[in-house]
Amino acid sequence: MNLVMFGPPGSGKGTQAERIKRRFKLEHVSTGDLLRKAIESKTELGKRVEGILAAGELVSDEIVLELIDDVVGRVGSDETVAGWLLDGFPRTSGQAVGLDDIVAAAGQEIDAIVVLDVARDAILKRLAARGRTDDTPATVSNRLDVYEELTEPILKHYEGKVSIHRIDGDQQIEEVTEAIERLLK
Ligand code: B4P
């Protein structure tokens with residue numbers, strides 16, 4: 001089973017992906033985590049993207065597509081996992097089109113998209129409490145604007161092609177997990 005976890009910054013994509021991957025034996029791929037690791041390890045890639053994450057902007061489609069291409073190919077040939085769970089990707093129409101090509105070339109498909117719905121006010125409160133370096137009020141506000149402008153519209157790309165499931169992400173973490181599990185069973 002191949003899944004995409006979709007939703008605004010701070011909606012709980014990473015939190016839920018950690019839980020769902022264990023339940024369904026999926027390889028969890030978070031482009032945000034991969035980029036943060038590159039920054040921590042001070043790789044060439046990390047140096048290129050550090051300022052972009054700090055500002056709450058998106059890194060280029062080319063960079064993230066390369067990261068995803070590696071993973072989808074590897075997971076397809078790994079019999080110990082049942083599929084992949086993409087978290088925080090795709091985020092632009094270019095990434096969605098690129099993902100279509102990667103998935104088709106690997107002879108795979110996206111089985112479902114899970115959208116976590118959380119209102120802007122609730123997200124601002126959550127991320128103020130978390131305190132990651134890109135969780136300052138100005139950066140969070142920019143990340144939410146970028147989501148509304150570039151990411152939310154790409155759901156249209158999938159309408160009629162992939163099952164899209166909307167979940168209320170403004171519930172207790174366990175309740176959100178149970179709602180996702182129910183729809184995937
Ligand atoms: P991400 O790492 O994807 O970060 P996110 O959107 O903030 O996180 P998420 O929705 O996973 O929230 P989480 O579970 O952590 O992206 C970071 C940056 O990387 C982007 O701004 C961008 O610059 C770059 N990037 C990543 N992917 C990219 C791409 N494809 N293209 C270009 N650039 C890309 O939860 C947030 C908080 O809420 C946590 O503290 C959690 O404990 C709490 N929480 C979770 N669920 C809750 C619940 N139900 N109730 C209360 N609190 C909850």
# chains A, B, ... in the order shown; residues from 1 in each chain; ligands from 1

$ closest_atom_pairs --of "chain A" --to "ligand 1" --cutoff "7 Å" --atoms "only C-alpha atoms and all ligand atoms" --output "tab-separated table"
residue	atom	partner	partner_atom_place_in_ligand_line	distance
A:Gly7	CA	ligand 1	10 (O)	6.4
A:Pro8	CA	ligand 1	10 (O)	6.0
A:Pro9	CA	ligand 1	6 (O)	3.2
A:Gly10	CA	ligand 1	12 (O)	3.5
A:Ser11	CA	ligand 1	10 (O)	4.3
A:Gly12	CA	ligand 1	14 (O)	3.2
A:Lys13	CA	ligand 1	11 (O)	3.8
A:Gly14	CA	ligand 1	11 (O)	3.5
A:Thr15	CA	ligand 1	14 (O)	3.8
A:Gln16	CA	ligand 1	14 (O)	6.5
A:Ser30	CA	ligand 1	3 (O)	6.5
A:Thr31	CA	ligand 1	27 (N)	4.3
A:Gly32	CA	ligand 1	2 (O)	3.3
A:Asp33	CA	ligand 1	2 (O)	5.5
A:Leu35	CA	ligand 1	19 (O)	6.5
A:Ile52	CA	ligand 1	23 (O)	5.9
A:Leu53	CA	ligand 1	23 (O)	3.9
A:Gly56	CA	ligand 1	21 (O)	4.5
A:Glu57	CA	ligand 1	23 (O)	4.8
A:Leu58	CA	ligand 1	33 (N)	3.7
A:Val59	CA	ligand 1	32 (C)	4.2
A:Ser60	CA	ligand 1	32 (C)	6.0
A:Asp61	CA	ligand 1	31 (N)	6.1
A:Val64	CA	ligand 1	30 (N)	5.8
A:Asp87	CA	ligand 1	3 (O)	6.5
A:Gly88	CA	ligand 1	3 (O)	4.2
A:Phe89	CA	ligand 1	30 (N)	4.1
A:Pro90	CA	ligand 1	30 (N)	5.0
A:Arg91	CA	ligand 1	30 (N)	4.8
A:Arg126	CA	ligand 1	38 (O)	5.1
A:Leu127	CA	ligand 1	37 (C)	5.6
A:Ala129	CA	ligand 1	40 (O)	6.8
A:Arg130	CA	ligand 1	40 (O)	4.5
A:Arg143	CA	ligand 1	21 (O)	5.7
A:Gly169	CA	ligand 1	49 (N)	5.6
A:Asp170	CA	ligand 1	49 (N)	5.4
A:Gln171	CA	ligand 1	49 (N)	5.0
A:Gln172	CA	ligand 1	49 (N)	4.6
A:Ile173	CA	ligand 1	49 (N)	3.9
A:Val176	CA	ligand 1	49 (N)	6.4

$ write_last_selection --atoms "C-alpha atoms" --output "compact mmCIF listing (two decimals), in the first residue's frame"
# COMPACT_ATOMS: atom_id res chain seq x y z
CA GLY A 7 -2.05 18.71 5.20
CA PRO A 8 -0.84 22.13 6.33
CA PRO A 9 2.39 22.55 8.31
CA GLY A 10 1.84 21.38 11.87
CA SER A 11 -1.31 19.42 11.02
CA GLY A 12 0.34 16.28 12.40
CA LYS A 13 1.58 14.58 9.22
CA GLY A 14 4.86 13.51 10.81
CA THR A 15 3.17 12.51 14.07
CA GLN A 16 0.59 10.30 12.33
CA SER A 30 9.49 12.73 5.23
CA THR A 31 11.14 15.24 2.90
CA GLY A 32 11.27 17.67 5.84
CA ASP A 33 13.20 15.11 7.95
CA LEU A 35 16.29 18.03 4.59
CA ILE A 52 15.18 28.21 2.73
CA LEU A 53 13.80 26.13 5.63
CA GLY A 56 9.56 28.80 5.65
CA GLU A 57 9.95 28.70 1.86
CA LEU A 58 9.99 25.53 -0.27
CA VAL A 59 13.24 24.04 -1.56
CA SER A 60 13.35 23.43 -5.33
CA ASP A 61 11.28 20.68 -6.92
CA VAL A 64 13.06 16.92 -3.43
CA ASP A 87 4.89 12.78 4.39
CA GLY A 88 5.14 16.42 3.28
CA PHE A 89 5.54 15.51 -0.40
CA PRO A 90 4.32 16.48 -3.00
CA ARG A 91 3.98 20.16 -2.14
CA ARG A 126 0.54 24.05 18.28
CA LEU A 127 3.69 25.21 16.58
CA ALA A 129 4.38 25.21 21.72
CA ARG A 130 6.77 22.96 19.70
CA ARG A 143 4.59 28.34 5.70
CA GLY A 169 -6.79 16.56 12.46
CA ASP A 170 -7.97 18.71 15.37
CA GLN A 171 -8.66 15.78 17.70
CA GLN A 172 -6.48 13.88 20.19
CA ILE A 173 -3.48 12.25 18.46
CA VAL A 176 -6.70 10.87 14.53

$ residues_around --residues "Thr139 (chain A)" --least-positions-apart "3" --cutoff "8 Å" --atoms "only C-alpha atoms" --output "ChimeraX atom specification"
/A:54-56,134-136,142-143

$ atom_distance --atom1 "CA of Thr177 (chain A)" --atom2 "CA of Val81 (chain A)"
19.9 Å

$ closest_residue --among "A:Val115, A:Ala96, A:Leu184, A:Leu124" --to "Ile167 (chain A)" --atoms "only C-alpha atoms"
A:Val115

$ closest_residue --among "A:Asp145, A:Asp70, A:Glu79, A:Asp121" --to "Ile102 (chain A)" --atoms "only C-alpha atoms"
A:Asp70

$ residues_around --residues "Ile164 (chain A)" --least-positions-apart "2" --cutoff "10 Å" --atoms "only C-alpha atoms" --output "JSON, numbers by chain"
{"A": [4, 6, 111, 112, 113, 114, 115, 155, 158, 159, 160, 161, 162, 166, 167]}

$ atom_distance --atom1 "CA of Val29 (chain A)" --atom2 "CA of Leu86 (chain A)"
5.0 Å

$ select_by_dssp --residues "chain A" --states "helix (DSSP H, G or I)" --output "ChimeraX atom specification"
/A:13-24,31-40,44-55,61-76,93-105,120-130,137-158,173-184

$ select_by_dssp --residues "region 140-172 of chain A" --states "strand (DSSP E or B)" --output "list in words"
Ser163, Ile164, His165, Arg166, Ile167 and Asp168 of chain A

$ closest_residue --among "A:Ser163, A:Ala128, A:Val49, A:Ser93" --to "Thr151 (chain A)" --atoms "only C-alpha atoms"
A:Ser93

$ atom_distance --atom1 "CA of Met1 (chain A)" --atom2 "CA of Ala82 (chain A)"
6.0 Å
